[in-house]
Amino acid sequence: MSEFRVRTMADMMAAGEQADILFWVGCAGSFDERAQKITKAVAKILHAANLKFAILGSEEACTGDPAKRAGNEFLFQMLAMQNIATLQAYEVKKIVTACPHCFNTLKNEYPELGGNFEVLHHTTLINQLLQSGKISIEGGAFKGQRITYHDSCYLGRANDIYEAPREIIEKLDAALVEMKRSKANGLCCGAGGAQMFKEAENGKKEVNIERADDMLEANPAVVAAACPFCMTMLRDGVKHHNQEQAIEVKDIAELVASAMEL
Amino acid sequence: MIAQILFIALSTVAGYFFIKNLGKIRRNILLGRDIDLSDNKALRWKTMLKVAFGQTKMAARPIPFILHFIVYAGFILINIEVLEILIDGIFGTHRALSFLGGIYDAAIGFFEILAFGVLVACIFFLSRRYILKLARFQSPELKGFANQDAATILFVEIILMAALLKMNAADQILQSRGADHYHLAGSFPISSWLVVPIFEGLNLSDSMLILIEKAAWWFHIIGIFLFMNYLPFSKHFHVILAFPNTYYSNLKAKGELNNMASVTQEVKLMLDPSATAPEGYQAPTSFGVKDVTDLTWKNLMDAYSCTECGRCTSSCPQNQTGKLLSPRKIMMDTRDRLEEVGKNIDANSGTFVADNKTLHSYISEEELWACNTCNACVEACPININPMEIIVEMRRYKVMEESAAPASINSMFSNMENNQAPWQFSPMDRANWTQELNS
Ligand code: SF4
Ligand code: SF4
């Protein structure tokens, strides 16, 4: 693959260019070491598809999702308005993000504050790119492998996106196996609603351990995720059961990038 | 004649109290904040027909779906027979609608089958609750009235259906004996083998049978009147409210939390010092939900519609892992508090007198902060109730009015304020991940 540089909107504007699509990286995708790998995979796929994309870099701020869910509407709206102003300054029309929480907030909660953009989750975009032949998956790195997909609450129930990630897995020639709780019945990983940032309340178990039980039962080689927060929770769950040798947790974008040998 | 007068008096009293209590519930629901749900009527009707009438969301659990469907169909269809009972009661006729002939016979036969189905279903329901002790019926919030309520409803239904079958059995023996007043009408596919042999075995006289028939008839209708007046105090009120409640379903993406317009104005003024507030603008006095009257009327209608079935709680990730949070309890608490506020208003000639309690006296911080906002409860509810919204609104009050968030949440807030990320990283490092690709 040809070398490429990930450019910022500011760079492009200075060069008098306009990006086709903004890649919204999100806080986890920017700072979390594991999630950075997902971010890179997405960037490589966008590049391979010949899309002219850019990021906001240091001008991106948290969408405000965890503040809103935790009840701090002031903080949420301040961040949202700041972001909307930035996005409008760059005349952004289309956004792709690898984080379902950013996706949900940008898509559903920004319009009422004046931010109207076409927002796609990376699984939807990748699926479109595969369908239109802009990218294709060669070889059979995952042929016949048991892959189970963990539905992120903010893609699935929140936005009714169940099929795009599954269609991608099928295109990998993998054997898609479902956990006992999936799609609309999928069990949360335990991170949403700002739980990621606090200790759990007293109880019998952590939610991610309960979810790890479901994963083990499905007996997959790979658990596919589509959210950087699910990624953290699921990996911890797998580790809790000492199964990290047997079960890999990978983002859909990583699976596609590795099948494309990017 | 006396019977007719008594019947008319009884139905008037029953109707009066029923309507009076409906009015009270309506008043209580309208104590909520206004929210405009008058859009998209076509889709709303469709949703109601599908979810309430067609019970599509019940199908996720097949056994209770089938059992409940029988009781539901019985409830709606057997009530057609109540129409005849009303006519007979007022005019002293016997089976006034039997002039319909074949259709009538078929209908009565069908109602008998349904009645028997309801009876059997209720026995199944009772055993699921009290013998098999299904997990979702053992939660702490069901202790006391809620459990008793469930048992009462099921017993009453069984008794009512039994009365109907007894009445029909006595009736058909009288018909076959050609007793006065009892002309041939109806068909009785169930009572003819279930009850008739017993009566015949007892060798009952005509007058005895007439007594049984009349007694069962009165028992049935009085039972229905009592049941009707019990509804407004019971989870069984869902038989009525499920319809409007699904009509007013949320039609937006489930992930979207409502925008607080009151905050938008404040934030705009804060971000732009040169901006001026619109003419007549008044800064909001409080944010979030402190008491039930701060919820929307839809939240309050949700609370009165809740069937306490526990599907929400049994799909809640936090409840399944042993935490205190139970979305069903959120709905029950909301209803209990609203009833309390309503009674307070009644007792104080129309105005609420502060009682040192709020919705937060019922729902603890431990419950509120456990929620994942995962929408599993919303998805699971067979009548589109949204417990999650109440939780988030109460968090808003905790955070914006009392600054009472857990310490780790507060430090997340300050990170977001200072670094535009929930963690303590510098915004300047946001694009560091590109270094490897760009080198
Ligand atoms: S949204 Fe909250 S209350 Fe509802 S199921 Fe999820 S964690 Fe439980
Ligand atoms: S909120 Fe819905 S799912 Fe939960 S108990 Fe009430 S009716 Fe059942």
# chains A, B, ... in the order shown; residues from 1 in each chain; ligands from 1

$ interface_residues --of "chain B" --to "chain A" --cutoff "7 Å" --atoms "only C-alpha atoms" --output "PyMOL selection string"
chain B and resi 253-256+263-264+267+317-318+321-323+366+370-375+392+395-396+399-400+408-409+412-413+420-421+427-431+433-434+437-438

$ residues_near_ligand --ligand "ligand 2" --cutoff "9 Å" --atoms "only C-alpha atoms and all ligand atoms" --output "VMD selection string"
chain B and resid 235 238 302 to 303 305 to 314 326 to 332 377 to 387

$ atom_distance --atom1 "CA of Gly223 in chain B" --atom2 "CA of Ile123 in chain B"
18.5 Å

$ closest_residue --among "B:Met48, B:Glu367, B:Leu67, B:Val353" --to "ligand 1" --atoms "only C-alpha atoms and all ligand atoms"
B:Glu367

$ select_by_dssp --residues "range 15-192 of chain A" --states "alpha helix (DSSP H)" --output "PyMOL selection string"
chain A and resi 26-31+33-48+65-69+73-89+100-104+122-131+156-159+163-171

$ write_last_selection --atoms "C-alpha atoms" --output "PDB file, in the first residue's frame"
ATOM      1  CA  GLY A  26     -13.145  10.353  19.535  1.00  0.00           C
ATOM      2  CA  CYS A  27     -11.407  10.438  22.917  1.00  0.00           C
ATOM      3  CA  ALA A  28     -10.883   6.701  23.259  1.00  0.00           C
ATOM      4  CA  GLY A  29      -9.658   6.419  19.684  1.00  0.00           C
ATOM      5  CA  SER A  30      -7.210   9.264  20.307  1.00  0.00           C
ATOM      6  CA  PHE A  31      -5.817   8.400  23.713  1.00  0.00           C
ATOM      7  CA  GLU A  33      -3.572   2.656  23.493  1.00  0.00           C
ATOM      8  CA  ARG A  34      -5.642  -0.292  22.436  1.00  0.00           C
ATOM      9  CA  ALA A  35      -8.222   1.882  20.691  1.00  0.00           C
ATOM     10  CA  GLN A  36      -5.496   3.712  18.759  1.00  0.00           C
ATOM     11  CA  LYS A  37      -4.969   0.494  16.827  1.00  0.00           C
ATOM     12  CA  ILE A  38      -8.604   0.605  15.750  1.00  0.00           C
ATOM     13  CA  THR A  39      -8.171   4.223  14.738  1.00  0.00           C
ATOM     14  CA  LYS A  40      -5.185   3.335  12.572  1.00  0.00           C
ATOM     15  CA  ALA A  41      -7.049   0.473  10.960  1.00  0.00           C
ATOM     16  CA  VAL A  42      -9.902   2.810  10.043  1.00  0.00           C
ATOM     17  CA  ALA A  43      -7.490   5.403   8.634  1.00  0.00           C
ATOM     18  CA  LYS A  44      -5.828   2.731   6.488  1.00  0.00           C
ATOM     19  CA  ILE A  45      -9.142   1.508   5.161  1.00  0.00           C
ATOM     20  CA  LEU A  46     -10.287   5.033   4.296  1.00  0.00           C
ATOM     21  CA  HIS A  47      -7.025   5.585   2.495  1.00  0.00           C
ATOM     22  CA  ALA A  48      -7.266   2.281   0.658  1.00  0.00           C
ATOM     23  CA  ASP A  65     -21.740  11.909  25.566  1.00  0.00           C
ATOM     24  CA  PRO A  66     -20.550  10.788  29.012  1.00  0.00           C
ATOM     25  CA  ALA A  67     -21.423  14.176  30.512  1.00  0.00           C
ATOM     26  CA  LYS A  68     -24.930  14.055  29.061  1.00  0.00           C
ATOM     27  CA  ARG A  69     -25.544  10.513  30.259  1.00  0.00           C
ATOM     28  CA  GLU A  73     -26.313  18.869  30.379  1.00  0.00           C
ATOM     29  CA  PHE A  74     -24.381  22.145  30.755  1.00  0.00           C
ATOM     30  CA  LEU A  75     -21.063  20.522  30.091  1.00  0.00           C
ATOM     31  CA  PHE A  76     -22.528  18.484  27.254  1.00  0.00           C
ATOM     32  CA  GLN A  77     -23.986  21.478  25.483  1.00  0.00           C
ATOM     33  CA  MET A  78     -20.834  23.553  25.921  1.00  0.00           C
ATOM     34  CA  LEU A  79     -18.733  20.857  24.291  1.00  0.00           C
ATOM     35  CA  ALA A  80     -21.370  20.240  21.637  1.00  0.00           C
ATOM     36  CA  MET A  81     -21.598  23.885  20.653  1.00  0.00           C
ATOM     37  CA  GLN A  82     -17.838  24.193  20.517  1.00  0.00           C
ATOM     38  CA  ASN A  83     -17.655  21.149  18.246  1.00  0.00           C
ATOM     39  CA  ILE A  84     -20.498  22.320  16.050  1.00  0.00           C
ATOM     40  CA  ALA A  85     -18.742  25.667  15.562  1.00  0.00           C
ATOM     41  CA  THR A  86     -15.519  23.877  14.576  1.00  0.00           C
ATOM     42  CA  LEU A  87     -17.291  21.512  12.185  1.00  0.00           C
ATOM     43  CA  GLN A  88     -19.198  24.350  10.575  1.00  0.00           C
ATOM     44  CA  ALA A  89     -16.046  26.428  10.195  1.00  0.00           C
ATOM     45  CA  PRO A 100     -20.871   4.345  18.636  1.00  0.00           C
ATOM     46  CA  HIS A 101     -21.221   6.897  21.432  1.00  0.00           C
ATOM     47  CA  CYS A 102     -19.792   9.696  19.289  1.00  0.00           C
ATOM     48  CA  PHE A 103     -21.915   8.397  16.425  1.00  0.00           C
ATOM     49  CA  ASN A 104     -25.136   8.525  18.424  1.00  0.00           C
ATOM     50  CA  HIS A 122     -17.405   2.923  10.496  1.00  0.00           C
ATOM     51  CA  THR A 123     -19.132  -0.455  10.170  1.00  0.00           C
ATOM     52  CA  THR A 124     -21.772   1.094   7.912  1.00  0.00           C
ATOM     53  CA  LEU A 125     -19.197   2.901   5.808  1.00  0.00           C
ATOM     54  CA  ILE A 126     -16.935  -0.144   5.475  1.00  0.00           C
ATOM     55  CA  ASN A 127     -19.899  -2.252   4.467  1.00  0.00           C
ATOM     56  CA  GLN A 128     -20.822   0.312   1.815  1.00  0.00           C
ATOM     57  CA  LEU A 129     -17.241   0.409   0.539  1.00  0.00           C
ATOM     58  CA  LEU A 130     -17.220  -3.371   0.248  1.00  0.00           C
ATOM     59  CA  GLN A 131     -20.577  -3.417  -1.522  1.00  0.00           C
ATOM     60  CA  GLY A 156     -27.887  -1.750  18.149  1.00  0.00           C
ATOM     61  CA  ARG A 157     -30.786  -0.818  20.363  1.00  0.00           C
ATOM     62  CA  ALA A 158     -29.978   2.889  20.253  1.00  0.00           C
ATOM     63  CA  ASN A 159     -29.794   3.153  16.462  1.00  0.00           C
ATOM     64  CA  GLU A 163     -26.695  -5.995  10.161  1.00  0.00           C
ATOM     65  CA  ALA A 164     -23.763  -3.971   8.795  1.00  0.00           C
ATOM     66  CA  PRO A 165     -21.175  -5.479  11.163  1.00  0.00           C
ATOM     67  CA  ARG A 166     -22.550  -8.971  10.585  1.00  0.00           C
ATOM     68  CA  GLU A 167     -22.503  -8.575   6.816  1.00  0.00           C
ATOM     69  CA  ILE A 168     -18.837  -7.592   7.008  1.00  0.00           C
ATOM     70  CA  ILE A 169     -18.016 -10.662   9.082  1.00  0.00           C
ATOM     71  CA  GLU A 170     -19.743 -12.821   6.518  1.00  0.00           C
ATOM     72  CA  LYS A 171     -17.676 -11.239   3.768  1.00  0.00           C
TER      73      LYS A 171
END

$ residues_around --residues "range 90-96 of chain B" --least-positions-apart "4" --cutoff "12 Å" --atoms "only C-alpha atoms" --output "MDAnalysis selection string"
chainID B and resid 1:12 81:86 100:101 104:105 108 167:168 171:172 175 180:186 213:214 217

$ closest_residue --among "B:Trp193, B:Tyr397, B:Tyr304, B:Phe145" --to "His360 in chain B" --atoms "only C-alpha atoms"
B:Tyr397

$ atom_distance --atom1 "CA of Val222 in chain A" --atom2 "CA of Ala246 in chain A"
8.5 Å

$ select_by_dssp --residues "range 130-257 of chain A" --states "strand (DSSP E or B)" --output "ChimeraX atom specification"
/A:146-149,175-177,222-225,248-251

$ write_last_selection --atoms "N, CA, C and O atoms" --output "short mmCIF file (atom, residue, chain, number, x, y, z; two decimals), in the first residue's frame"
data_model
loop_
_atom_site.label_atom_id
_atom_site.label_comp_id
_atom_site.auth_asym_id
_atom_site.auth_seq_id
_atom_site.Cartn_x
_atom_site.Cartn_y
_atom_site.Cartn_z
N ARG A 146 -14.44 -19.22 13.76
CA ARG A 146 -15.65 -18.85 14.51
C ARG A 146 -15.49 -17.43 15.03
O ARG A 146 -14.62 -17.15 15.84
N ILE A 147 -16.33 -16.54 14.52
CA ILE A 147 -16.31 -15.17 15.00
C ILE A 147 -17.68 -14.84 15.56
O ILE A 147 -18.70 -15.11 14.92
N THR A 148 -17.69 -14.29 16.77
CA THR A 148 -18.97 -13.85 17.31
C THR A 148 -18.93 -12.33 17.40
O THR A 148 -17.87 -11.74 17.58
N TYR A 149 -20.08 -11.71 17.22
CA TYR A 149 -20.13 -10.26 17.23
C TYR A 149 -20.88 -9.77 18.47
O TYR A 149 -22.00 -10.22 18.75
N ALA A 175 -17.12 -17.97 10.03
CA ALA A 175 -18.35 -18.58 10.51
C ALA A 175 -18.90 -17.70 11.62
O ALA A 175 -18.36 -17.68 12.72
N LEU A 176 -19.94 -16.94 11.31
CA LEU A 176 -20.52 -16.05 12.30
C LEU A 176 -21.35 -16.86 13.29
O LEU A 176 -22.29 -17.54 12.91
N VAL A 177 -20.96 -16.81 14.56
CA VAL A 177 -21.77 -17.51 15.58
C VAL A 177 -22.36 -16.46 16.52
O VAL A 177 -21.71 -15.49 16.86
N VAL A 222 -12.53 -15.48 17.66
CA VAL A 222 -12.47 -14.02 17.70
C VAL A 222 -13.80 -13.46 18.16
O VAL A 222 -14.86 -13.92 17.72
N VAL A 223 -13.73 -12.49 19.08
CA VAL A 223 -14.92 -11.71 19.39
C VAL A 223 -14.77 -10.39 18.66
O VAL A 223 -13.79 -9.67 18.85
N ALA A 224 -15.74 -10.09 17.80
CA ALA A 224 -15.67 -8.84 17.07
C ALA A 224 -16.44 -7.77 17.82
O ALA A 224 -17.56 -8.00 18.26
N ALA A 225 -15.81 -6.61 17.97
CA ALA A 225 -16.47 -5.48 18.62
C ALA A 225 -16.54 -4.35 17.61
O ALA A 225 -15.91 -4.40 16.56
N GLU A 248 -9.46 -13.85 20.88
CA GLU A 248 -8.99 -12.50 20.57
C GLU A 248 -10.18 -11.57 20.48
O GLU A 248 -11.21 -11.94 19.91
N VAL A 249 -10.04 -10.37 21.03
CA VAL A 249 -11.09 -9.38 20.83
C VAL A 249 -10.57 -8.37 19.81
O VAL A 249 -9.51 -7.77 20.00
N LYS A 250 -11.29 -8.23 18.71
CA LYS A 250 -10.83 -7.36 17.63
C LYS A 250 -11.97 -6.47 17.15
O LYS A 250 -13.13 -6.92 17.11
N ASP A 251 -11.63 -5.27 16.78
CA ASP A 251 -12.65 -4.42 16.17
C ASP A 251 -12.89 -4.86 14.73
O ASP A 251 -11.98 -5.36 14.06
#

$ residues_around --residues "Gln245 in chain A" --least-positions-apart "5" --cutoff "12 Å" --atoms "only C-alpha atoms" --output "number ranges by chain"
A: 220-222, 235, 238-239

$ write_last_selection --atoms "N, CA, C and O atoms" --output "PDB file, in the first residue's frame"
ATOM      1  N   PRO A 220     -15.860 -18.814  20.508  1.00  0.00           N
ATOM      2  CA  PRO A 220     -15.320 -18.251  19.272  1.00  0.00           C
ATOM      3  C   PRO A 220     -13.795 -18.168  19.303  1.00  0.00           C
ATOM      4  O   PRO A 220     -13.181 -18.246  20.378  1.00  0.00           O
ATOM      5  N   ALA A 221     -13.184 -18.013  18.125  1.00  0.00           N
ATOM      6  CA  ALA A 221     -11.756 -17.710  18.076  1.00  0.00           C
ATOM      7  C   ALA A 221     -11.563 -16.207  18.208  1.00  0.00           C
ATOM      8  O   ALA A 221     -10.588 -15.736  18.765  1.00  0.00           O
ATOM      9  N   VAL A 222     -12.533 -15.476  17.657  1.00  0.00           N
ATOM     10  CA  VAL A 222     -12.467 -14.021  17.700  1.00  0.00           C
ATOM     11  C   VAL A 222     -13.804 -13.458  18.163  1.00  0.00           C
ATOM     12  O   VAL A 222     -14.858 -13.917  17.719  1.00  0.00           O
ATOM     13  N   ARG A 235     -12.217  -7.211  26.653  1.00  0.00           N
ATOM     14  CA  ARG A 235     -10.875  -7.745  26.877  1.00  0.00           C
ATOM     15  C   ARG A 235     -10.666  -8.039  28.364  1.00  0.00           C
ATOM     16  O   ARG A 235     -10.100  -9.064  28.725  1.00  0.00           O
ATOM     17  N   VAL A 238     -12.438 -11.245  29.130  1.00  0.00           N
ATOM     18  CA  VAL A 238     -11.716 -12.425  28.651  1.00  0.00           C
ATOM     19  C   VAL A 238     -10.520 -12.716  29.569  1.00  0.00           C
ATOM     20  O   VAL A 238     -10.255 -13.869  29.936  1.00  0.00           O
ATOM     21  N   LYS A 239      -9.839 -11.657  29.954  1.00  0.00           N
ATOM     22  CA  LYS A 239      -8.693 -11.815  30.862  1.00  0.00           C
ATOM     23  C   LYS A 239      -9.122 -12.396  32.194  1.00  0.00           C
ATOM     24  O   LYS A 239      -8.446 -13.249  32.765  1.00  0.00           O
TER      25      LYS A 239
END

$ atom_distance --atom1 "CA of Gly144 in chain B" --atom2 "CA of Asp336 in chain B"
13.2 Å

$ closest_residue --among "B:Ala150, B:Ile103, B:Ile159, B:Ala242" --to "Val51 in chain B" --atoms "only C-alpha atoms"
B:Ala242

$ residues_around --residues "Gln55 in chain B" --least-positions-apart "5" --cutoff "12 Å" --atoms "only C-alpha atoms" --output "list in words"
Thr47, Met48, Leu49, Lys50, Ala60, Arg61, Pro62, Pro64, Phe65, Ile66, His68, Phe69, Ile70, Tyr72, Ala73, Val239, Ala242, Phe243, Thr246, Cys381, Pro382, Ile383 and Asn384 of chain B

$ decode --residues "range 241-253 of chain A" --atoms "all heavy atoms" --output "PDB file, in the first residue's frame"
ATOM      1  N   HIS A 241     -11.240 -14.484  32.789  1.00  0.00           N
ATOM      2  CA  HIS A 241     -11.380 -15.939  32.675  1.00  0.00           C
ATOM      3  C   HIS A 241     -10.098 -16.600  32.174  1.00  0.00           C
ATOM      4  O   HIS A 241     -10.124 -17.777  31.814  1.00  0.00           O
ATOM      5  CB  HIS A 241     -12.527 -16.277  31.719  1.00  0.00           C
ATOM      6  CG  HIS A 241     -13.882 -15.951  32.263  1.00  0.00           C
ATOM      7  ND1 HIS A 241     -14.477 -16.677  33.265  1.00  0.00           N
ATOM      8  CD2 HIS A 241     -14.758 -14.965  31.962  1.00  0.00           C
ATOM      9  CE1 HIS A 241     -15.662 -16.158  33.541  1.00  0.00           C
ATOM     10  NE2 HIS A 241     -15.848 -15.109  32.768  1.00  0.00           N
ATOM     11  N   ASN A 242      -9.019 -15.838  32.109  1.00  0.00           N
ATOM     12  CA  ASN A 242      -7.736 -16.355  31.604  1.00  0.00           C
ATOM     13  C   ASN A 242      -7.846 -16.988  30.227  1.00  0.00           C
ATOM     14  O   ASN A 242      -7.277 -18.049  29.965  1.00  0.00           O
ATOM     15  CB  ASN A 242      -7.150 -17.398  32.574  1.00  0.00           C
ATOM     16  CG  ASN A 242      -6.793 -16.753  33.892  1.00  0.00           C
ATOM     17  OD1 ASN A 242      -6.243 -15.643  33.908  1.00  0.00           O
ATOM     18  ND2 ASN A 242      -7.144 -17.395  34.988  1.00  0.00           N
ATOM     19  N   GLN A 243      -8.616 -16.341  29.353  1.00  0.00           N
ATOM     20  CA  GLN A 243      -8.822 -16.921  28.024  1.00  0.00           C
ATOM     21  C   GLN A 243      -8.159 -16.097  26.937  1.00  0.00           C
ATOM     22  O   GLN A 243      -8.473 -16.264  25.760  1.00  0.00           O
ATOM     23  CB  GLN A 243     -10.329 -17.021  27.735  1.00  0.00           C
ATOM     24  CG  GLN A 243     -11.064 -18.030  28.592  1.00  0.00           C
ATOM     25  CD  GLN A 243     -10.635 -19.451  28.282  1.00  0.00           C
ATOM     26  OE1 GLN A 243     -10.437 -19.809  27.124  1.00  0.00           O
ATOM     27  NE2 GLN A 243     -10.456 -20.257  29.313  1.00  0.00           N
ATOM     28  N   GLU A 244      -7.269 -15.163  27.321  1.00  0.00           N
ATOM     29  CA  GLU A 244      -6.756 -14.254  26.285  1.00  0.00           C
ATOM     30  C   GLU A 244      -5.903 -14.971  25.245  1.00  0.00           C
ATOM     31  O   GLU A 244      -5.704 -14.438  24.153  1.00  0.00           O
ATOM     32  CB  GLU A 244      -6.041 -13.040  26.888  1.00  0.00           C
ATOM     33  CG  GLU A 244      -4.829 -13.332  27.730  1.00  0.00           C
ATOM     34  CD  GLU A 244      -5.156 -13.417  29.220  1.00  0.00           C
ATOM     35  OE1 GLU A 244      -6.139 -14.122  29.563  1.00  0.00           O
ATOM     36  OE2 GLU A 244      -4.440 -12.820  30.024  1.00  0.00           O
ATOM     37  N   GLN A 245      -5.449 -16.186  25.559  1.00  0.00           N
ATOM     38  CA  GLN A 245      -4.729 -16.942  24.530  1.00  0.00           C
ATOM     39  C   GLN A 245      -5.698 -17.512  23.496  1.00  0.00           C
ATOM     40  O   GLN A 245      -5.415 -17.557  22.306  1.00  0.00           O
ATOM     41  CB  GLN A 245      -3.947 -18.114  25.153  1.00  0.00           C
ATOM     42  CG  GLN A 245      -2.918 -17.712  26.199  1.00  0.00           C
ATOM     43  CD  GLN A 245      -1.872 -16.753  25.650  1.00  0.00           C
ATOM     44  OE1 GLN A 245      -1.529 -16.795  24.464  1.00  0.00           O
ATOM     45  NE2 GLN A 245      -1.373 -15.856  26.507  1.00  0.00           N
ATOM     46  N   ALA A 246      -6.846 -17.951  23.976  1.00  0.00           N
ATOM     47  CA  ALA A 246      -7.788 -18.646  23.091  1.00  0.00           C
ATOM     48  C   ALA A 246      -8.696 -17.697  22.319  1.00  0.00           C
ATOM     49  O   ALA A 246      -9.096 -17.975  21.195  1.00  0.00           O
ATOM     50  CB  ALA A 246      -8.640 -19.621  23.910  1.00  0.00           C
ATOM     51  N   ILE A 247      -9.046 -16.575  22.955  1.00  0.00           N
ATOM     52  CA  ILE A 247     -10.025 -15.672  22.332  1.00  0.00           C
ATOM     53  C   ILE A 247      -9.421 -14.298  22.127  1.00  0.00           C
ATOM     54  O   ILE A 247      -8.945 -13.666  23.054  1.00  0.00           O
ATOM     55  CB  ILE A 247     -11.288 -15.525  23.215  1.00  0.00           C
ATOM     56  CG1 ILE A 247     -11.927 -16.887  23.453  1.00  0.00           C
ATOM     57  CG2 ILE A 247     -12.281 -14.571  22.575  1.00  0.00           C
ATOM     58  CD1 ILE A 247     -13.140 -16.841  24.358  1.00  0.00           C
ATOM     59  N   GLU A 248      -9.457 -13.849  20.881  1.00  0.00           N
ATOM     60  CA  GLU A 248      -8.988 -12.504  20.573  1.00  0.00           C
ATOM     61  C   GLU A 248     -10.182 -11.570  20.483  1.00  0.00           C
ATOM     62  O   GLU A 248     -11.209 -11.942  19.913  1.00  0.00           O
ATOM     63  CB  GLU A 248      -8.333 -12.520  19.192  1.00  0.00           C
ATOM     64  CG  GLU A 248      -6.850 -12.766  19.209  1.00  0.00           C
ATOM     65  CD  GLU A 248      -6.289 -12.479  17.822  1.00  0.00           C
ATOM     66  OE1 GLU A 248      -6.752 -13.120  16.846  1.00  0.00           O
ATOM     67  OE2 GLU A 248      -5.418 -11.609  17.730  1.00  0.00           O
ATOM     68  N   VAL A 249     -10.040 -10.374  21.025  1.00  0.00           N
ATOM     69  CA  VAL A 249     -11.093  -9.377  20.825  1.00  0.00           C
ATOM     70  C   VAL A 249     -10.574  -8.366  19.811  1.00  0.00           C
ATOM     71  O   VAL A 249      -9.512  -7.768  20.005  1.00  0.00           O
ATOM     72  CB  VAL A 249     -11.463  -8.666  22.140  1.00  0.00           C
ATOM     73  CG1 VAL A 249     -12.665  -7.760  21.922  1.00  0.00           C
ATOM     74  CG2 VAL A 249     -11.749  -9.674  23.241  1.00  0.00           C
ATOM     75  N   LYS A 250     -11.293  -8.230  18.708  1.00  0.00           N
ATOM     76  CA  LYS A 250     -10.833  -7.365  17.625  1.00  0.00           C
ATOM     77  C   LYS A 250     -11.971  -6.474  17.152  1.00  0.00           C
ATOM     78  O   LYS A 250     -13.127  -6.917  17.111  1.00  0.00           O
ATOM     79  CB  LYS A 250     -10.401  -8.225  16.418  1.00  0.00           C
ATOM     80  CG  LYS A 250      -9.131  -8.999  16.650  1.00  0.00           C
ATOM     81  CD  LYS A 250      -7.963  -8.179  16.171  1.00  0.00           C
ATOM     82  CE  LYS A 250      -6.674  -9.002  16.173  1.00  0.00           C
ATOM     83  NZ  LYS A 250      -5.519  -8.126  15.941  1.00  0.00           N
ATOM     84  N   ASP A 251     -11.632  -5.270  16.777  1.00  0.00           N
ATOM     85  CA  ASP A 251     -12.649  -4.422  16.171  1.00  0.00           C
ATOM     86  C   ASP A 251     -12.887  -4.858  14.728  1.00  0.00           C
ATOM     87  O   ASP A 251     -11.979  -5.364  14.063  1.00  0.00           O
ATOM     88  CB  ASP A 251     -12.210  -2.957  16.199  1.00  0.00           C
ATOM     89  CG  ASP A 251     -13.341  -2.018  15.825  1.00  0.00           C
ATOM     90  OD1 ASP A 251     -13.548  -1.765  14.615  1.00  0.00           O
ATOM     91  OD2 ASP A 251     -14.031  -1.550  16.755  1.00  0.00           O
ATOM     92  N   ILE A 252     -14.102  -4.654  14.252  1.00  0.00           N
ATOM     93  CA  ILE A 252     -14.440  -4.999  12.866  1.00  0.00           C
ATOM     94  C   ILE A 252     -13.441  -4.353  11.892  1.00  0.00           C
ATOM     95  O   ILE A 252     -13.012  -4.978  10.917  1.00  0.00           O
ATOM     96  CB  ILE A 252     -15.864  -4.498  12.533  1.00  0.00           C
ATOM     97  CG1 ILE A 252     -16.893  -5.194  13.424  1.00  0.00           C
ATOM     98  CG2 ILE A 252     -16.179  -4.652  11.054  1.00  0.00           C
ATOM     99  CD1 ILE A 252     -17.493  -6.441  12.874  1.00  0.00           C
ATOM    100  N   ALA A 253     -13.061  -3.114  12.171  1.00  0.00           N
ATOM    101  CA  ALA A 253     -12.117  -2.416  11.279  1.00  0.00           C
ATOM    102  C   ALA A 253     -10.769  -3.133  11.252  1.00  0.00           C
ATOM    103  O   ALA A 253     -10.129  -3.249  10.206  1.00  0.00           O
ATOM    104  CB  ALA A 253     -11.938  -0.971  11.724  1.00  0.00           C
TER     105      ALA A 253
END
